[in-house]
$ cat input_18.txt   # compact mmCIF, C-alpha atoms
# COMPACT_ATOMS: atom_id res chain seq x y z
CA MET P 25 -4.10 25.90 23.41
CA ASP P 26 -5.57 27.22 20.23
CA PRO P 27 -7.88 30.17 21.03
CA SER P 28 -10.18 29.23 18.17
CA GLY P 29 -10.91 25.88 19.79
CA SER P 30 -9.71 23.89 16.81
CA ASP P 31 -7.61 21.62 19.09
CA SER P 32 -10.74 20.43 20.89
CA ARG P 33 -12.58 19.98 17.58
CA ILE P 34 -9.71 17.88 16.28
CA THR P 35 -9.69 15.80 19.44
CA GLN P 36 -13.45 15.28 19.18
CA ALA P 37 -13.18 14.34 15.49
CA VAL P 38 -10.46 11.78 16.20
CA ALA P 39 -12.45 10.31 19.09
CA SER P 40 -15.53 10.05 16.89
CA ALA P 41 -13.55 8.38 14.09
CA VAL P 42 -12.04 5.85 16.48
CA GLU P 43 -15.45 5.03 17.95
CA THR P 44 -16.82 4.49 14.44
CA LEU P 45 -13.91 2.21 13.56
CA LYS P 46 -14.38 0.20 16.73
CA ALA P 47 -18.13 -0.09 16.15
CA GLN P 48 -17.96 -0.95 12.45
CA GLY P 49 -14.59 -2.67 12.52
CA LEU P 50 -11.95 -2.68 9.85
CA PRO P 51 -12.36 -4.79 6.73
CA PRO P 52 -10.93 -8.30 7.07
CA ASP P 53 -8.24 -7.50 4.50
CA ALA P 54 -7.08 -4.25 6.18
CA ASP P 55 -3.34 -3.68 5.90
CA ALA P 56 -1.14 -4.17 8.94
CA TRP P 57 -0.25 -0.48 9.03
CA THR P 58 -3.94 0.46 9.11
CA CYS P 59 -4.54 -1.84 12.08
CA ALA P 60 -1.46 -0.43 13.82
CA ALA P 61 -2.60 3.15 13.21
CA VAL P 62 -6.01 2.45 14.74
CA ALA P 63 -4.28 0.69 17.64
CA ARG P 64 -2.17 3.79 18.27
CA LEU P 65 -5.27 5.98 18.31
CA CYS P 66 -6.97 3.61 20.76
CA ARG P 67 -3.87 3.66 22.96
CA GLU P 68 -3.83 7.46 22.94
CA GLN P 69 -7.45 7.39 24.13
CA LYS P 70 -6.42 4.93 26.86
CA ASP P 71 -8.61 2.17 25.41
CA TYR P 72 -5.92 -0.41 25.97
CA ALA P 73 -8.06 -3.49 25.32
CA ALA P 74 -9.02 -2.26 21.85
CA ALA P 75 -5.41 -1.18 21.20
CA VAL P 76 -4.15 -4.67 22.02
CA ASP P 77 -6.72 -6.24 19.71
CA PHE P 78 -5.73 -3.98 16.81
CA TYR P 79 -1.98 -4.48 17.46
CA ARG P 80 -2.49 -8.25 17.48
CA ARG P 81 -4.35 -8.01 14.20
CA ALA P 82 -1.56 -5.89 12.72
CA ILE P 83 1.07 -8.41 13.78
CA ALA P 84 -0.97 -11.30 12.40
CA ARG P 85 -1.37 -9.52 9.05
CA GLU P 86 2.33 -8.67 8.84
CA TYR P 87 3.90 -11.85 10.19
CA GLY P 88 1.16 -14.44 10.40
$ encode --input "input_18.txt" --output "structure tokens"
Amino acid sequence: MDPSGSDSRITQAVASAVETLKAQGLPPDADAWTCAAVARLCREQKDYAAAVDFYRRAIAREYG
């Protein structure tokens, strides 16, 4: 663990960014990789329902 506490600040910043993305949503024309990246962050936070939604959107953008 980082004695300066920067690890926890990074974790809090990522959590806040993910919450903002989930609340505001991604633009309708967001690239597949953007949707997949947000899905990965949701998965890391154990928000599996949101992760599935973003992965589905990524797949639809890439292959649909």
$ atom_distance --input "input_18.txt" --atom1 "atom CA of P:Ile34" --atom2 "atom CA of P:Tyr79"
23.7 Å
$ residues_around --input "input_18.txt" --residues "P:Phe78" --least-positions-apart "6" --cutoff "12 Å" --atoms "only C-alpha atoms" --output "NGL selection string"
:P and (42 or 45-46 or 49-50 or 52 or 54-67 or 71-72 or 84-85)
$ closest_residue --input "input_18.txt" --among "P:Glu86, P:Glu68, P:Asp53, P:Asp77" --to "P:Thr35" --atoms "all atoms listed in the file"
P:Glu68
$ atom_distance --input "input_18.txt" --atom1 "atom CA of P:Ala39" --atom2 "atom CA of P:Gln69"
7.7 Å
$ atom_distance --input "input_18.txt" --atom1 "atom CA of P:Glu43" --atom2 "atom CA of P:Ala74"
10.5 Å
$ decode --input "input_18.txt" --residues "stretch 32-79 of chain P" --atoms "N, CA and C atoms" --output "PDB file, in the first residue's frame"
ATOM      1  N   SER P  32      -5.714   4.868  -2.429  1.00  0.00           N
ATOM      2  CA  SER P  32      -7.123   5.026  -2.073  1.00  0.00           C
ATOM      3  C   SER P  32      -7.737   6.221  -2.808  1.00  0.00           C
ATOM      4  N   ARG P  33      -6.955   7.251  -3.040  1.00  0.00           N
ATOM      5  CA  ARG P  33      -7.471   8.400  -3.806  1.00  0.00           C
ATOM      6  C   ARG P  33      -7.739   8.005  -5.253  1.00  0.00           C
ATOM      7  N   ILE P  34      -6.874   7.178  -5.806  1.00  0.00           N
ATOM      8  CA  ILE P  34      -7.088   6.702  -7.175  1.00  0.00           C
ATOM      9  C   ILE P  34      -8.339   5.843  -7.240  1.00  0.00           C
ATOM     10  N   THR P  35      -8.485   4.952  -6.279  1.00  0.00           N
ATOM     11  CA  THR P  35      -9.664   4.089  -6.230  1.00  0.00           C
ATOM     12  C   THR P  35     -10.933   4.912  -6.105  1.00  0.00           C
ATOM     13  N   GLN P  36     -10.918   5.925  -5.264  1.00  0.00           N
ATOM     14  CA  GLN P  36     -12.084   6.803  -5.096  1.00  0.00           C
ATOM     15  C   GLN P  36     -12.366   7.587  -6.371  1.00  0.00           C
ATOM     16  N   ALA P  37     -11.324   8.047  -7.053  1.00  0.00           N
ATOM     17  CA  ALA P  37     -11.503   8.807  -8.292  1.00  0.00           C
ATOM     18  C   ALA P  37     -12.115   7.929  -9.384  1.00  0.00           C
ATOM     19  N   VAL P  38     -11.633   6.697  -9.495  1.00  0.00           N
ATOM     20  CA  VAL P  38     -12.185   5.778 -10.490  1.00  0.00           C
ATOM     21  C   VAL P  38     -13.641   5.475 -10.171  1.00  0.00           C
ATOM     22  N   ALA P  39     -13.940   5.211  -8.913  1.00  0.00           N
ATOM     23  CA  ALA P  39     -15.324   4.926  -8.508  1.00  0.00           C
ATOM     24  C   ALA P  39     -16.237   6.102  -8.824  1.00  0.00           C
ATOM     25  N   SER P  40     -15.762   7.301  -8.554  1.00  0.00           N
ATOM     26  CA  SER P  40     -16.555   8.495  -8.846  1.00  0.00           C
ATOM     27  C   SER P  40     -16.775   8.658 -10.348  1.00  0.00           C
ATOM     28  N   ALA P  41     -15.742   8.413 -11.132  1.00  0.00           N
ATOM     29  CA  ALA P  41     -15.871   8.528 -12.590  1.00  0.00           C
ATOM     30  C   ALA P  41     -16.853   7.510 -13.138  1.00  0.00           C
ATOM     31  N   VAL P  42     -16.795   6.290 -12.632  1.00  0.00           N
ATOM     32  CA  VAL P  42     -17.720   5.253 -13.093  1.00  0.00           C
ATOM     33  C   VAL P  42     -19.153   5.607 -12.710  1.00  0.00           C
ATOM     34  N   GLU P  43     -19.364   6.097 -11.510  1.00  0.00           N
ATOM     35  CA  GLU P  43     -20.711   6.503 -11.098  1.00  0.00           C
ATOM     36  C   GLU P  43     -21.247   7.618 -11.984  1.00  0.00           C
ATOM     37  N   THR P  44     -20.391   8.565 -12.326  1.00  0.00           N
ATOM     38  CA  THR P  44     -20.795   9.651 -13.223  1.00  0.00           C
ATOM     39  C   THR P  44     -21.167   9.105 -14.591  1.00  0.00           C
ATOM     40  N   LEU P  45     -20.352   8.194 -15.122  1.00  0.00           N
ATOM     41  CA  LEU P  45     -20.656   7.602 -16.426  1.00  0.00           C
ATOM     42  C   LEU P  45     -21.966   6.839 -16.403  1.00  0.00           C
ATOM     43  N   LYS P  46     -22.206   6.100 -15.317  1.00  0.00           N
ATOM     44  CA  LYS P  46     -23.453   5.345 -15.228  1.00  0.00           C
ATOM     45  C   LYS P  46     -24.644   6.290 -15.105  1.00  0.00           C
ATOM     46  N   ALA P  47     -24.484   7.374 -14.374  1.00  0.00           N
ATOM     47  CA  ALA P  47     -25.585   8.320 -14.182  1.00  0.00           C
ATOM     48  C   ALA P  47     -25.877   9.115 -15.454  1.00  0.00           C
ATOM     49  N   GLN P  48     -24.828   9.590 -16.099  1.00  0.00           N
ATOM     50  CA  GLN P  48     -25.005  10.431 -17.290  1.00  0.00           C
ATOM     51  C   GLN P  48     -25.071   9.616 -18.576  1.00  0.00           C
ATOM     52  N   GLY P  49     -24.504   8.422 -18.530  1.00  0.00           N
ATOM     53  CA  GLY P  49     -24.481   7.568 -19.710  1.00  0.00           C
ATOM     54  C   GLY P  49     -23.407   8.013 -20.689  1.00  0.00           C
ATOM     55  N   LEU P  50     -23.132   7.130 -21.615  1.00  0.00           N
ATOM     56  CA  LEU P  50     -22.192   7.446 -22.683  1.00  0.00           C
ATOM     57  C   LEU P  50     -22.987   7.999 -23.861  1.00  0.00           C
ATOM     58  N   PRO P  51     -22.353   8.781 -24.703  1.00  0.00           N
ATOM     59  CA  PRO P  51     -23.071   9.267 -25.878  1.00  0.00           C
ATOM     60  C   PRO P  51     -23.509   8.098 -26.761  1.00  0.00           C
ATOM     61  N   PRO P  52     -24.588   8.252 -27.486  1.00  0.00           N
ATOM     62  CA  PRO P  52     -25.086   7.159 -28.326  1.00  0.00           C
ATOM     63  C   PRO P  52     -24.061   6.662 -29.350  1.00  0.00           C
ATOM     64  N   ASP P  53     -23.161   7.529 -29.764  1.00  0.00           N
ATOM     65  CA  ASP P  53     -22.174   7.140 -30.773  1.00  0.00           C
ATOM     66  C   ASP P  53     -20.818   6.767 -30.156  1.00  0.00           C
ATOM     67  N   ALA P  54     -20.795   6.411 -28.882  1.00  0.00           N
ATOM     68  CA  ALA P  54     -19.546   6.021 -28.216  1.00  0.00           C
ATOM     69  C   ALA P  54     -18.950   4.802 -28.908  1.00  0.00           C
ATOM     70  N   ASP P  55     -17.636   4.805 -29.055  1.00  0.00           N
ATOM     71  CA  ASP P  55     -16.942   3.687 -29.686  1.00  0.00           C
ATOM     72  C   ASP P  55     -17.096   2.427 -28.850  1.00  0.00           C
ATOM     73  N   ALA P  56     -16.948   1.288 -29.522  1.00  0.00           N
ATOM     74  CA  ALA P  56     -17.040   0.001 -28.839  1.00  0.00           C
ATOM     75  C   ALA P  56     -15.994  -0.119 -27.738  1.00  0.00           C
ATOM     76  N   TRP P  57     -14.782   0.353 -28.000  1.00  0.00           N
ATOM     77  CA  TRP P  57     -13.724   0.224 -26.993  1.00  0.00           C
ATOM     78  C   TRP P  57     -14.026   1.061 -25.762  1.00  0.00           C
ATOM     79  N   THR P  58     -14.704   2.187 -25.933  1.00  0.00           N
ATOM     80  CA  THR P  58     -15.079   3.018 -24.795  1.00  0.00           C
ATOM     81  C   THR P  58     -16.104   2.281 -23.927  1.00  0.00           C
ATOM     82  N   CYS P  59     -17.096   1.696 -24.589  1.00  0.00           N
ATOM     83  CA  CYS P  59     -18.109   0.926 -23.853  1.00  0.00           C
ATOM     84  C   CYS P  59     -17.464  -0.252 -23.128  1.00  0.00           C
ATOM     85  N   ALA P  60     -16.525  -0.924 -23.783  1.00  0.00           N
ATOM     86  CA  ALA P  60     -15.847  -2.065 -23.171  1.00  0.00           C
ATOM     87  C   ALA P  60     -14.994  -1.625 -21.984  1.00  0.00           C
ATOM     88  N   ALA P  61     -14.361  -0.472 -22.095  1.00  0.00           N
ATOM     89  CA  ALA P  61     -13.533   0.029 -20.990  1.00  0.00           C
ATOM     90  C   ALA P  61     -14.395   0.349 -19.772  1.00  0.00           C
ATOM     91  N   VAL P  62     -15.536   0.968 -19.998  1.00  0.00           N
ATOM     92  CA  VAL P  62     -16.447   1.268 -18.885  1.00  0.00           C
ATOM     93  C   VAL P  62     -16.986  -0.036 -18.294  1.00  0.00           C
ATOM     94  N   ALA P  63     -17.266  -1.003 -19.158  1.00  0.00           N
ATOM     95  CA  ALA P  63     -17.737  -2.301 -18.677  1.00  0.00           C
ATOM     96  C   ALA P  63     -16.700  -2.949 -17.766  1.00  0.00           C
ATOM     97  N   ARG P  64     -15.438  -2.865 -18.153  1.00  0.00           N
ATOM     98  CA  ARG P  64     -14.375  -3.450 -17.331  1.00  0.00           C
ATOM     99  C   ARG P  64     -14.303  -2.776 -15.965  1.00  0.00           C
ATOM    100  N   LEU P  65     -14.440  -1.451 -15.958  1.00  0.00           N
ATOM    101  CA  LEU P  65     -14.423  -0.733 -14.679  1.00  0.00           C
ATOM    102  C   LEU P  65     -15.604  -1.138 -13.806  1.00  0.00           C
ATOM    103  N   CYS P  66     -16.771  -1.286 -14.413  1.00  0.00           N
ATOM    104  CA  CYS P  66     -17.952  -1.729 -13.659  1.00  0.00           C
ATOM    105  C   CYS P  66     -17.727  -3.125 -13.099  1.00  0.00           C
ATOM    106  N   ARG P  67     -17.144  -4.000 -13.919  1.00  0.00           N
ATOM    107  CA  ARG P  67     -16.869  -5.365 -13.463  1.00  0.00           C
ATOM    108  C   ARG P  67     -15.912  -5.358 -12.280  1.00  0.00           C
ATOM    109  N   GLU P  68     -14.871  -4.523 -12.359  1.00  0.00           N
ATOM    110  CA  GLU P  68     -13.911  -4.438 -11.263  1.00  0.00           C
ATOM    111  C   GLU P  68     -14.568  -3.962  -9.967  1.00  0.00           C
ATOM    112  N   GLN P  69     -15.620  -3.152 -10.104  1.00  0.00           N
ATOM    113  CA  GLN P  69     -16.352  -2.674  -8.923  1.00  0.00           C
ATOM    114  C   GLN P  69     -17.468  -3.637  -8.523  1.00  0.00           C
ATOM    115  N   LYS P  70     -17.526  -4.771  -9.203  1.00  0.00           N
ATOM    116  CA  LYS P  70     -18.525  -5.809  -8.942  1.00  0.00           C
ATOM    117  C   LYS P  70     -19.959  -5.359  -9.231  1.00  0.00           C
ATOM    118  N   ASP P  71     -20.097  -4.396 -10.140  1.00  0.00           N
ATOM    119  CA  ASP P  71     -21.419  -3.986 -10.611  1.00  0.00           C
ATOM    120  C   ASP P  71     -21.662  -4.741 -11.918  1.00  0.00           C
ATOM    121  N   TYR P  72     -22.007  -6.014 -11.760  1.00  0.00           N
ATOM    122  CA  TYR P  72     -22.081  -6.904 -12.905  1.00  0.00           C
ATOM    123  C   TYR P  72     -23.208  -6.556 -13.867  1.00  0.00           C
ATOM    124  N   ALA P  73     -24.329  -6.079 -13.360  1.00  0.00           N
ATOM    125  CA  ALA P  73     -25.449  -5.715 -14.235  1.00  0.00           C
ATOM    126  C   ALA P  73     -25.041  -4.578 -15.180  1.00  0.00           C
ATOM    127  N   ALA P  74     -24.405  -3.554 -14.638  1.00  0.00           N
ATOM    128  CA  ALA P  74     -23.955  -2.443 -15.483  1.00  0.00           C
ATOM    129  C   ALA P  74     -22.873  -2.913 -16.451  1.00  0.00           C
ATOM    130  N   ALA P  75     -21.972  -3.785 -15.976  1.00  0.00           N
ATOM    131  CA  ALA P  75     -20.916  -4.304 -16.848  1.00  0.00           C
ATOM    132  C   ALA P  75     -21.521  -5.041 -18.042  1.00  0.00           C
ATOM    133  N   VAL P  76     -22.511  -5.875 -17.788  1.00  0.00           N
ATOM    134  CA  VAL P  76     -23.155  -6.614 -18.876  1.00  0.00           C
ATOM    135  C   VAL P  76     -23.782  -5.650 -19.874  1.00  0.00           C
ATOM    136  N   ASP P  77     -24.457  -4.626 -19.381  1.00  0.00           N
ATOM    137  CA  ASP P  77     -25.079  -3.646 -20.274  1.00  0.00           C
ATOM    138  C   ASP P  77     -24.036  -2.960 -21.163  1.00  0.00           C
ATOM    139  N   PHE P  78     -22.922  -2.545 -20.568  1.00  0.00           N
ATOM    140  CA  PHE P  78     -21.887  -1.878 -21.358  1.00  0.00           C
ATOM    141  C   PHE P  78     -21.197  -2.849 -22.323  1.00  0.00           C
ATOM    142  N   TYR P  79     -20.975  -4.107 -21.901  1.00  0.00           N
ATOM    143  CA  TYR P  79     -20.389  -5.098 -22.822  1.00  0.00           C
ATOM    144  C   TYR P  79     -21.325  -5.362 -23.998  1.00  0.00           C
TER     145      TYR P  79
END
